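Beneath this line is the structure, given in structure tokens, with notes to follow.
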2 protein chains.
Amino acid sequence: MMLADRHLWAFGVFAASNFVLTMFAAVITAFFAPAAAGSGIPEVKAYLNGVDAPEIFSPRTLAVKVVGCIAAVSSSLHVGKAGPLVHTGACIASILGQGGSRKYRLTCKWLRYFKNDRDRRDLVTCGSAAGVAAAFRAPVGGVLFALEAVSSWWRSALLWRAFFTTAVVAVVLRALIDICHRGKCGLFGKGGLIMFDVTSDTIAYHLPDLPPVIILGIGGGILGSFYNFFLEKVLRAYNLINEKGYGYKLLLAATISICTSCCIFGLPWLASCSPCPTGISEACPSIGRSGNFKKFQCPPDHYNDLASLLFNTNDDTIRNLFSAGTDNVFQISSILLFFFTSYFLGIFSYGIAAPSGLFIPVILTGATYGRLVGMLMGSRSTLDHSLFAVLGSASLLGGSMRMTVSVCVILLELTNNLLLLPLVMLVLLISKTVADALNANIYDILVKLKGFPYLETHAEPYMRQLTVSDVVTGPLLMFNGIEKVGNIVHVLKTTGHHGFPVVDEPPFSDSSVLYGLILRAHLLILLKKRVFLPSRSLFGIDVSKQFSADDFAKRGSGKHDDIEDIKLTAEDMEMFIDLHPFTNTSPYTVVETMSLAKALILFREVGLRHLLVVPKSSSRAPVVGILTRHDFMPEHVLGLHPSLLKSRWKRLRFGKTSLNKVFCDLC
Amino acid sequence: MMLADRHLWAFGVFAASNFVLTMFAAVITAFFAPAAAGSGIPEVKAYLNGVDAPEIFSPRTLAVKVVGCIAAVSSSLHVGKAGPLVHTGACIASILGQGGSRKYRLTCKWLRYFKNDRDRRDLVTCGSAAGVAAAFRAPVGGVLFALEAVSSWWRSALLWRAFFTTAVVAVVLRALIDICHRGKCGLFGKGGLIMFDVTSDTIAYHLPDLPPVIILGIGGGILGSFYNFFLEKVLRAYNLINEKGYGYKLLLAATISICTSCCIFGLPWLASCSPCPTGISEACPSIGRSGNFKKFQCPPDHYNDLASLLFNTNDDTIRNLFSAGTDNVFQISSILLFFFTSYFLGIFSYGIAAPSGLFIPVILTGATYGRLVGMLMGSRSTLDHSLFAVLGSASLLGGSMRMTVSVCVILLELTNNLLLLPLVMLVLLISKTVADALNANIYDILVKLKGFPYLETHAEPYMRQLTVSDVVTGPLLMFNGIEKVGNIVHVLKTTGHHGFPVVDEPPFSDSSVLYGLILRAHLLILLKKRVFLPSRSLFGIDVSKQFSADDFAKRGSGKHDDIEDIKLTAEDMEMFIDLHPFTNTSPYTVVETMSLAKALILFREVGLRHLLVVPKSSSRAPVVGILTRHDFMPEHVLGLHPSLLKSRWKRLRFGKTSLNKVFCDLC
């Protein structure tokens with residue numbers, strides 16, 4: 001249509017197809033699986049920290065994520081596919097880890113082995129590594145991404161498992177590229193295993209090239225932290241809109257889609273046509289899907305450089321920006337216009353109700369930023385503009401996502417530019433340092449916005465001034481070793497706690513003794529099975545034989561027993577349960593005088609859900625409290641001790657901190 | 001001399017210079033710093049696990065390591081420089097971490113900030129990463145090596161710090177290469193930033209190439225585990241010899257040096273001369289230091305391929321083996337002979353009293369093995385033999401060191417062969433899996449041989465059957481909050497413990513209460529400062545103001561106060577010390593019924609040196625024992641409970657294990 005000069009028709013068809021695809025993605029996300037919106041990396045990160053949000057790994061979310069991501073990316077929205085692929089990988093891993101889906105009758109017997117928290121967590125970590133490996137064809141980068149950006153605990157065995165997963169991804173990808181190398185698979189396989197190859201024999205840089213690179217890094221850090229800042233503001237506004245109902249959600253998506261179409265179609269008219277360079281192998285002007293020289297409205301043998309940037313898939317645009325020897329292809333006005341469009345479209349597109357990633361938009365914006373710096377440097381730098389583009393991507397990734405090793409390896413695997421490694425590392429260091437001084441990294445902001453109780457690695461300074469007994473709240477509920485059914489049912493109905501201490505009281509032991517910790521889920525299973533004793537004295541009958549380990553296996557997400565569903569007769573209520581065989585006899589404990597900061601280290605490093613507090617002196621009950629994740633949240637602690645709020649930002653005296661470090665053993 | 005056919009003279013000069021260099025390295029190692037022998041990686045690994053062996057990071061060890069490594073590598077011994085560089089990096093980091101060396105008057109005031117265990121450990125981790133980064137010019141590989149092979153604890157902040165360190169290494173290396181690119185720095189800078197560049201446009205492989213690669217991986221795994229097996233046997237024998245005295249140590253080094261010289265000079269006579277290939281750019285035959293076509297005894301226009309392998313630096317030999325398009329340069333008999341020489345020389349050279357690394361010999365042997373497999377495959381594989389050499393190195397590294405991600409990235413950074421990545425990953429996975437089934441990895445074997453009490457990540461199965469009270473031994477020594485000086489001196493003189501519980505007894509508190517844990521080192525400082533109270537009742541005077549945090553800063557290695565050095569009068573002995581201000585009031589504790597396996601997880605994950613055991617019932621003292629690293633060692637546990645020895649190799653029933661997993665929360 002453009003060739004036939006029917007510009008309005010062309011715009012109509014373009015905008016309409018974008019609109020339909022966006023609305024499809026938004027509708028399925030809003031109505032079937034709201035958890036599939038966004039990139040999914042914050043959810044995965046929170047899950048690996050121990051926060052089990054509902055529905056994030058359900059088969060329905062998986063289906064919507066896959067289909068919705070394809071629709072959203074196809075609809076010319078300025079969103080990426082890497083984040084959704086990470087979520088997809090994590091979903092598949094989680095579903096495998098819970099032994100398939102019983103609801104959809106897809107179960108597998110031997111997968112039951114993974115039905116516990118630790119193995120499922122490991123699987124999800126490997127799944128997210130596989131997602132990145134598939135998105136960027138970067139197997140080593142995938143492992144490092146999982147290590148650096150999403151995981152909260154890391155074991156050496158996990159490194160090896162994640163490596164295994166991504167090796168399988170690499171081999172499968174390579175085999176598929178081999179099968180597809182005749183070009184029958186559409187865009188798949190373009191670029192081979194290295195998506196944006198920038199290898200050239202002429203990569204050479206010397207000491208005088210350092211100042212421009214350092215300036216680029218500082219600028220990238222500032223732009224990256226502003227990216228995070230704007231994104232947070234926009235997401236807060238979007239949250240208010242999205243909360244109002246389905247209609248508003250869809251309206252927002254529709255608005256963004258139309259704006260995007262207008263930008264993509266409207267802006268190239270502002271750019272002037274350039275004559276095609278001579279002596280190039282590529283077609284100029286190109287008419288098909290990809291290519292560096294789009295004709296758009298230009299006369300023959302001319303191309304519109306802004307259209308080349310806007311009217312391509314994101315991958316192709318990045319490849320164009322990364323190609324060497326194209327210093328004169330782009331005009332500075334076009335690059336400047338595209339940079340602003342890409343920067344703000346990326347920010348405004350992320351929060352809509354559709355699967356959308358942040359990685360690709362940031363790489364693209366960064367590459368444009370790098371080219372821009374290269375152009376502004378002009379003759380002051382001998383570096384090729386394509387190298388500036390790679391370094392620009394690194395700087396914006398470092399400034400917004402604050403990853404270092406993983407971004408470095410991913411860029412290496414994307415571009416095959418090993419010789420550039422020292423410069424990439426330098427840029428990442430500078431941009432991360434600059435941005436860290438300004439605000440938090442993007443995933444932490446997103447996790448906080450979603451309200452997940454994320455447990456930080458480090459204790460806040462004011463936690464050193466508190467002991468655990470300062471934050472333990474509420475009456476402590478505990479059970480006897482042999483407890484009346486009625487009591488258990490009452491406690492379970494009136495509280496939402498997930499763990500209860502079990503204490504043996506005198507006639508059954510010498511003194512009041514802490515026996516262990518029992519989980520709500522296990523109590524519900526005991527009540528359901530009705531293995532009751534008629535009286536307290538029949539202690540000693542081993543009831544554990546009536547259960548198999550499988551009965552206590554961790555349920556899949558969304559399948560929780562509920563106390564209200566268990567119907568017991570009045571007679572049952574008067575009977576007893578021997579809790580001993582079902583109690584965890586080795587719960588982790590801290591003395592009540594323990595510093596809150598050190599208790600947090602224990603909680604975090606060992607990966608606990610419940611931490612029992614025992615008294616310092618012997619005159620009291622053997623347990624005085626129970627700590628959960630929520631007790632360590634700054635909101636809770638500062639709510640109990642508002643006076644700390646003033647000192648919150650005040651660092652402790654050097655002497656005190658230093659003495660604390662001295663006391664810290666190896667921690 | 002060879003050109004003039006004076007063969008015996010040539011051998012004499014060659015063997016004598018090798019002998020002198022080896023003896024120099026052996027003498028300085030044996031007499032000045034025995035801790036500098038070997039690669040040093042086991043020592044660094046043990047230190048990062050919490051084992052502080054004497055002298056391993058002293059300035060003297062550093063000096064001997066650097067000079068000795070240069071001498072040993074120059075003396076044609078079949079040893080590498082990567083391991084010693086890791087140790088060198090760790091030494092420098094540790095010396096910086098203790099604020100310089102007071103003995104050699106090299107101190108720096110602001111470095112005192114790092115005078116605590118945690119910061120010094122982080123610095124040593126970064127130092128070892130820098131060592132690998134410098135050895136292989138592989139900055140990302142260095143970070144991953146530190147993560148995968150040497151560190152026991154890992155924090156996300158550490159990733160970023162290690163990355164920073166290696167980025168500095170990369171930038172400095174790149175700048176030095178830039179300065180040296182006119183070739184005035186000897187062999188430095190040869191190969192540029194990528195030491196063994198194998199980039200070629202023709203790297204192509206398809207599904208039929210997989211079977212040879214899988215066979216290569218399996219073979220590499222078997223050879224690697226045999227390498228570890230033989231190395232352990234040889235080191236045990238060497239230990240017996242080295243223990244007999246300096247004379248035997250030097251004799252051993254001399255024998256190995258003469259044997260090596262004989263092998264290098266004698267074996268090429270067995271190879272026949274080949275005519276020089278036509279149409280190559282390289283000089284043939286070459287006469288200088290390096291080159292792929294050594295003349296040796298051959299007539300003009302002929303070369304000796306075995307001499308090309310043996311009479312080069314290890315780096316050049318690896319480069320020759322990795323070069324593409326050299327399928328016909330080497331004869332199969334030469335490669336076979338060189339493979340066996342390299343395999344066994346590597347094993348026999350490691351244990352002598354001189355700094356020596358394992359990495360380069362293993363890469364070299366692996367490359368030869370890969371070429372051999374490539375030759376045996378003949379026309380069944382279309383892959384170039386140079387690619388087989390790279391894969392062979394990967395397989396032997398995987399089989400002997402069992403690292404995955406780090407080896408993969410190091411090889412990537414050494415060879416720039418990103419397209420080969422899927423095959424390298426596949427080979428590593430196969431060889432590691434095969435070798436893991438046969439024996440432990442080489443560093444674990446070395447750590448065990450050196451007798452370090454290394455704390456494993458995982459609890460042995462029999463530890464699940466024990467509680468902490470089963471392994472606590474000996475009478476527990478504790479102090480009162482205000483303790484008599486005489487008592488403290490007596491306890492410190494009669495025991496070697498490093499930590500003591502502090503308990504407040506009734507007149508000073510309501511009941512017997514655990515106040516905290518005090519360290520031996522801090523008690524010695526208190527005794528040295530003589531801040532004594534005349535009586536028990538003068539409690540309340542704050543004596544802590546007489547000390548600054550710096551007094552309690554961790555001392556450098558080798559500088560421990562000794563109780564015998566502190567002279568106190570009889571009058572002093574009758575006085576008291578208020579221990580309260582100097583006690584760590586938040587020691588980690590476990591209840592005595594805690595499973596030993598779970599206590600080990602706490603000990604390991606939080607990185608403790610002391611773990612207090614508190615009673616389950618209130619009728620006893622507030623502390624019943626103290627656990628240290630030694631209490632978790634299998635030798636100690638099995639010594640106390642010999643009956644477990646039988647069940648040691650017996651896995652627990654599936655049900656039990658599974659229930660344990662269910663009880664494990666997130667751990």
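Every chain in the structure tokens has a letter given in the order shown (A, B, ...), and although residue numbers restart at 1 in each chain, ligands are simply numbered from 1 in the order shown.
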> Contacts of Met573 (chain B) at 9 Å or less, counting only C-alpha atoms, minus same-chain residues fewer than 3 places along, as a VMD selection string?
Replying inline: chain B and resid 484 to 487 489 568 to 570 576
> Could you name the residues that touch Ala129 (chain B) at 7 Å or less, counting only C-alpha atoms, but leaving out those on the same chain fewer than 3 positions away, as a ChimeraX atom specification?
Replying inline: /B:125-126,132-133,142-143,145-146,162,166
> Could you pull the residues within 9 Å of region 522-538 of chain B, counting only C-alpha atoms, minus those fewer than 6 positions along the same chain, as a list in words?
Replying inline: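 Returned residues: Ile482, Glu483, Lys484, Val485, Ile488, Val489, Leu492, Gln546, Phe547, Asp551, Phe552, Asp561, Asp562, Ile563, Ile566, Lys567, Leu568, Asp572, Glu574, Met575, Phe576, Ile577, Asp578, Leu579, Phe582 and Thr583 of chain B.
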Take the residues just selected and output them with N, CA and C atoms as a CSV table (one decimal), in the first residue's frame.
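As written to disk, again32.csv reads:
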```csv
chain,number,residue,atom,x,y,z
B,482,ILE,N,31.2,-11.6,85.8
B,482,ILE,CA,32.3,-11.0,86.5
B,482,ILE,C,33.2,-12.1,87.0
B,483,GLU,N,34.3,-12.3,86.4
B,483,GLU,CA,35.1,-13.5,86.7
B,483,GLU,C,36.5,-13.1,87.3
B,484,LYS,N,37.0,-14.0,88.2
B,484,LYS,CA,38.2,-13.8,88.8
B,484,LYS,C,39.4,-13.9,87.8
B,485,VAL,N,40.3,-13.1,87.8
B,485,VAL,CA,41.4,-13.1,86.8
B,485,VAL,C,42.2,-14.5,86.9
B,488,ILE,N,40.4,-17.1,84.9
B,488,ILE,CA,40.5,-17.0,83.5
B,488,ILE,C,41.9,-17.5,83.0
B,489,VAL,N,42.9,-17.0,83.7
B,489,VAL,CA,44.3,-17.4,83.4
B,489,VAL,C,44.4,-18.9,83.4
B,492,LEU,N,42.6,-20.5,80.5
B,492,LEU,CA,43.3,-20.3,79.2
B,492,LEU,C,44.6,-21.1,79.1
B,546,GLN,N,37.7,2.4,77.9
B,546,GLN,CA,39.2,2.3,77.8
B,546,GLN,C,39.7,1.6,76.6
B,547,PHE,N,38.8,1.0,75.8
B,547,PHE,CA,39.2,0.3,74.6
B,547,PHE,C,38.6,0.9,73.4
B,551,ASP,N,41.4,-2.1,69.1
B,551,ASP,CA,42.1,-3.1,69.9
B,551,ASP,C,41.6,-4.5,69.6
B,552,PHE,N,40.4,-4.6,69.3
B,552,PHE,CA,39.8,-6.0,69.1
B,552,PHE,C,39.8,-6.4,67.6
B,561,ASP,N,48.4,-13.5,70.2
B,561,ASP,CA,48.9,-13.3,71.5
B,561,ASP,C,48.9,-14.7,72.2
B,562,ASP,N,49.8,-14.9,73.1
B,562,ASP,CA,49.9,-16.2,73.9
B,562,ASP,C,49.7,-15.9,75.3
B,563,ILE,N,49.0,-16.7,76.0
B,563,ILE,CA,48.7,-16.6,77.5
B,563,ILE,C,50.1,-16.6,78.2
B,566,ILE,N,51.8,-13.3,78.9
B,566,ILE,CA,51.3,-12.2,79.7
B,566,ILE,C,51.7,-12.5,81.2
B,567,LYS,N,52.4,-11.6,81.7
B,567,LYS,CA,52.9,-11.8,83.1
B,567,LYS,C,52.0,-11.0,84.1
B,568,LEU,N,51.4,-11.7,85.0
B,568,LEU,CA,50.5,-11.1,86.0
B,568,LEU,C,51.0,-11.4,87.4
B,572,ASP,N,47.2,-9.3,91.0
B,572,ASP,CA,46.3,-9.3,89.8
B,572,ASP,C,45.4,-10.5,89.8
B,574,GLU,N,44.0,-12.1,92.0
B,574,GLU,CA,42.9,-12.1,92.9
B,574,GLU,C,41.8,-11.1,92.5
B,575,MET,N,42.1,-10.3,91.5
B,575,MET,CA,41.1,-9.3,91.1
B,575,MET,C,40.1,-9.8,90.1
B,576,PHE,N,39.2,-9.0,89.6
B,576,PHE,CA,38.1,-9.4,88.8
B,576,PHE,C,38.0,-8.7,87.5
B,577,ILE,N,37.4,-9.3,86.5
B,577,ILE,CA,37.2,-8.6,85.2
B,577,ILE,C,35.7,-8.6,85.0
B,578,ASP,N,35.1,-7.5,84.5
B,578,ASP,CA,33.7,-7.5,84.1
B,578,ASP,C,33.7,-7.8,82.6
B,579,LEU,N,33.2,-9.0,82.3
B,579,LEU,CA,33.3,-9.5,80.9
B,579,LEU,C,32.1,-9.0,80.1
B,582,PHE,N,32.4,-7.0,76.8
B,582,PHE,CA,33.2,-7.6,75.7
B,582,PHE,C,32.7,-8.9,75.2
B,583,THR,N,31.5,-9.2,75.7
B,583,THR,CA,30.8,-10.5,75.3
B,583,THR,C,29.9,-10.3,74.1
```
> Of the candidates B:Leu596, B:Leu423, B:Val66, B:Leu391, which shows the shortest atom-to-atom distance to Ala33 (chain B), using only C-alpha atoms?
Replying inline: B:Val66
>> Env of region 425-442 of chain B: 10 Å cut, atoms = only C-alpha atoms, seq-sep filter 5 positions within chain, self excluded. Answer as a ChimeraX atom specification.
In response: /A:139-140,160-161,163-164,166-168,170-171 /B:42,210,213-229,231-232,358,391-405,407-409,420,447-448
Restrict the selected residues to N, CA and C atoms and save them as a compact mmCIF listing (two decimals), in the first residue's frame.
```txt
# COMPACT_ATOMS: atom_id res chain seq x y z
N PRO A 139 23.46 -19.64 26.79
CA PRO A 139 23.35 -20.62 27.88
C PRO A 139 24.11 -20.21 29.14
N VAL A 140 25.34 -19.72 29.01
CA VAL A 140 26.08 -19.35 30.21
C VAL A 140 25.45 -18.10 30.85
N TRP A 160 25.53 -26.41 38.96
CA TRP A 160 25.73 -27.53 38.05
C TRP A 160 24.40 -27.95 37.41
N ARG A 161 23.32 -27.89 38.20
CA ARG A 161 22.01 -28.25 37.63
C ARG A 161 21.54 -27.21 36.63
N PHE A 163 23.41 -25.28 34.92
CA PHE A 163 24.28 -25.43 33.75
C PHE A 163 23.79 -26.58 32.88
N PHE A 164 23.39 -27.67 33.51
CA PHE A 164 22.86 -28.81 32.77
C PHE A 164 21.63 -28.38 31.97
N THR A 166 20.69 -25.37 30.94
CA THR A 166 20.94 -24.48 29.81
C THR A 166 21.76 -25.17 28.74
N ALA A 167 22.56 -26.19 29.11
CA ALA A 167 23.27 -26.94 28.09
C ALA A 167 22.26 -27.67 27.19
N VAL A 168 21.23 -28.23 27.81
CA VAL A 168 20.19 -28.88 27.01
C VAL A 168 19.52 -27.85 26.10
N ALA A 170 20.87 -25.17 24.92
CA ALA A 170 21.81 -24.81 23.84
C ALA A 170 21.84 -25.89 22.77
N VAL A 171 21.87 -27.16 23.20
CA VAL A 171 21.96 -28.24 22.22
C VAL A 171 20.68 -28.31 21.39
N PRO B 42 44.14 -25.46 47.06
CA PRO B 42 43.52 -26.12 48.22
C PRO B 42 43.59 -25.28 49.49
N LEU B 210 27.82 -35.57 16.60
CA LEU B 210 27.59 -35.75 18.04
C LEU B 210 28.22 -37.02 18.60
N VAL B 213 31.79 -36.75 19.66
CA VAL B 213 31.94 -35.81 20.77
C VAL B 213 31.51 -36.47 22.07
N ILE B 214 30.47 -37.28 22.03
CA ILE B 214 30.01 -37.97 23.24
C ILE B 214 31.08 -38.98 23.69
N ILE B 215 31.66 -39.71 22.73
CA ILE B 215 32.72 -40.65 23.07
C ILE B 215 33.90 -39.91 23.71
N LEU B 216 34.25 -38.77 23.13
CA LEU B 216 35.33 -37.95 23.67
C LEU B 216 35.04 -37.56 25.12
N GLY B 217 33.78 -37.17 25.38
CA GLY B 217 33.41 -36.76 26.73
C GLY B 217 33.54 -37.91 27.72
N ILE B 218 33.06 -39.09 27.32
CA ILE B 218 33.14 -40.24 28.23
C ILE B 218 34.61 -40.58 28.52
N GLY B 219 35.42 -40.60 27.46
CA GLY B 219 36.84 -40.89 27.64
C GLY B 219 37.51 -39.87 28.53
N GLY B 220 37.17 -38.60 28.32
CA GLY B 220 37.76 -37.53 29.14
C GLY B 220 37.40 -37.70 30.60
N GLY B 221 36.17 -38.08 30.87
CA GLY B 221 35.75 -38.30 32.25
C GLY B 221 36.56 -39.41 32.89
N ILE B 222 36.76 -40.52 32.16
CA ILE B 222 37.50 -41.65 32.72
C ILE B 222 38.96 -41.26 32.93
N LEU B 223 39.57 -40.62 31.92
CA LEU B 223 40.97 -40.20 32.06
C LEU B 223 41.13 -39.21 33.21
N GLY B 224 40.17 -38.29 33.35
CA GLY B 224 40.24 -37.29 34.41
C GLY B 224 40.18 -37.92 35.78
N SER B 225 39.28 -38.89 35.96
CA SER B 225 39.18 -39.48 37.29
C SER B 225 40.41 -40.34 37.57
N PHE B 226 40.98 -40.97 36.54
CA PHE B 226 42.23 -41.71 36.76
C PHE B 226 43.37 -40.75 37.09
N TYR B 227 43.35 -39.58 36.48
CA TYR B 227 44.35 -38.56 36.79
C TYR B 227 44.31 -38.25 38.29
N ASN B 228 43.10 -38.02 38.80
CA ASN B 228 42.95 -37.74 40.22
C ASN B 228 43.43 -38.90 41.07
N PHE B 229 43.08 -40.12 40.63
CA PHE B 229 43.44 -41.31 41.38
C PHE B 229 44.96 -41.46 41.47
N LEU B 231 47.22 -39.14 40.92
CA LEU B 231 47.81 -38.01 41.61
C LEU B 231 47.77 -38.23 43.12
N GLU B 232 46.64 -38.76 43.62
CA GLU B 232 46.52 -38.99 45.06
C GLU B 232 47.57 -40.00 45.52
N LEU B 358 48.21 -27.01 38.29
CA LEU B 358 47.71 -28.20 37.61
C LEU B 358 46.96 -27.85 36.34
N LEU B 391 37.82 -29.44 22.60
CA LEU B 391 36.86 -30.28 23.33
C LEU B 391 37.59 -31.26 24.25
N GLY B 392 38.74 -31.74 23.81
CA GLY B 392 39.52 -32.64 24.66
C GLY B 392 39.97 -31.95 25.94
N SER B 393 40.43 -30.70 25.81
CA SER B 393 40.80 -29.94 27.01
C SER B 393 39.62 -29.81 27.95
N ALA B 394 38.46 -29.48 27.36
CA ALA B 394 37.26 -29.33 28.18
C ALA B 394 36.96 -30.63 28.89
N SER B 395 37.06 -31.75 28.19
CA SER B 395 36.66 -33.02 28.81
C SER B 395 37.61 -33.40 29.93
N LEU B 396 38.92 -33.16 29.76
CA LEU B 396 39.84 -33.54 30.83
C LEU B 396 39.70 -32.59 32.03
N LEU B 397 39.47 -31.31 31.76
CA LEU B 397 39.22 -30.37 32.87
C LEU B 397 37.95 -30.78 33.62
N GLY B 398 36.90 -31.10 32.87
CA GLY B 398 35.65 -31.53 33.50
C GLY B 398 35.85 -32.80 34.29
N GLY B 399 36.67 -33.70 33.76
CA GLY B 399 36.87 -34.99 34.42
C GLY B 399 37.76 -34.89 35.64
N SER B 400 38.68 -33.92 35.66
CA SER B 400 39.56 -33.91 36.82
C SER B 400 39.18 -32.81 37.81
N MET B 401 38.84 -31.58 37.32
CA MET B 401 38.50 -30.52 38.26
C MET B 401 37.00 -30.41 38.54
N ARG B 402 36.21 -31.00 37.67
CA ARG B 402 34.75 -31.07 37.86
C ARG B 402 34.08 -29.71 37.91
N MET B 403 34.71 -28.71 37.34
CA MET B 403 34.03 -27.43 37.24
C MET B 403 33.27 -27.41 35.93
N THR B 404 32.21 -26.68 35.87
CA THR B 404 31.42 -26.67 34.64
C THR B 404 31.37 -25.28 34.04
N VAL B 405 30.61 -24.39 34.68
CA VAL B 405 30.42 -23.07 34.11
C VAL B 405 31.74 -22.33 33.97
N VAL B 407 34.90 -23.51 33.76
CA VAL B 407 35.75 -24.05 32.70
C VAL B 407 35.21 -23.63 31.34
N CYS B 408 33.90 -23.68 31.22
CA CYS B 408 33.26 -23.33 29.96
C CYS B 408 33.60 -21.88 29.58
N VAL B 409 33.46 -20.98 30.53
CA VAL B 409 33.72 -19.56 30.23
C VAL B 409 35.21 -19.32 30.04
N LEU B 420 31.20 -22.86 19.28
CA LEU B 420 31.43 -24.21 19.76
C LEU B 420 30.76 -24.45 21.11
N VAL B 447 42.66 -31.14 49.43
CA VAL B 447 42.31 -30.58 50.75
C VAL B 447 42.34 -31.69 51.79
N LYS B 448 41.82 -32.85 51.44
CA LYS B 448 41.78 -33.97 52.38
C LYS B 448 43.20 -34.45 52.68
```
>> So that I can check the secondary structure, give me every residue of region 27-261 of chain B assigned alpha helix (DSSP H) by backbone DSSP, as an NGL selection string.
In response: :B and (27-32 or 41-49 or 59-74 or 82-97 or 117-136 or 139-145 or 156-179 or 210-242 or 246-261)
> Neighbours of Ala25 (chain B) within 6 Å (only C-alpha atoms; same-chain residues fewer than 3 positions away dropped), as a PyMOL selection string?
Replying inline: chain B and resi 22+28+68+71-72+354
> Which of these, B:Ile194, B:Val44, B:Val79, B:Ala90, has the shortest distance to Leu62 (chain B) once you count only C-alpha atoms?
Replying inline: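 Of all the options, B:Ala90 lies closest to Leu62 (chain B).
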> In terms of the shortest atom-to-atom distance over only C-alpha atoms, which of A:Ser323, A:Thr313, A:Ser151, A:Ser349 is closest to chain B?
Replying inline: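 Nearest to chain B: A:Ser151.
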> Please, which residues of region 71-156 of chain A, numbered as in this document, come out strand (DSSP E or B) from DSSP, as a count of residues only?
Replying inline: 5
> Which is closest to chain A among B:Leu412, B:Leu645, B:Val234, B:Leu627, if we use only C-alpha atoms?
Replying inline: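 Of all the options, B:Leu412 lies closest to chain A.
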>> List the spatial neighbours of His498 (chain A) as JSON, numbers by chain - criterion: any atom at most 12 Å away, only C-alpha atoms, same-chain residues fewer than 2 positions off excluded.
In response: {"A": [477, 478, 491, 492, 493, 495, 496, 500, 501, 517, 518, 519, 520, 521, 522, 523, 524, 560, 609, 610, 611, 626, 627, 628, 629], "B": [665]}
> How many Å lie between CA of Ala389 (chain B) and CA of Arg319 (chain B), rounded to one decimal?
Replying inline: 10.1 Å
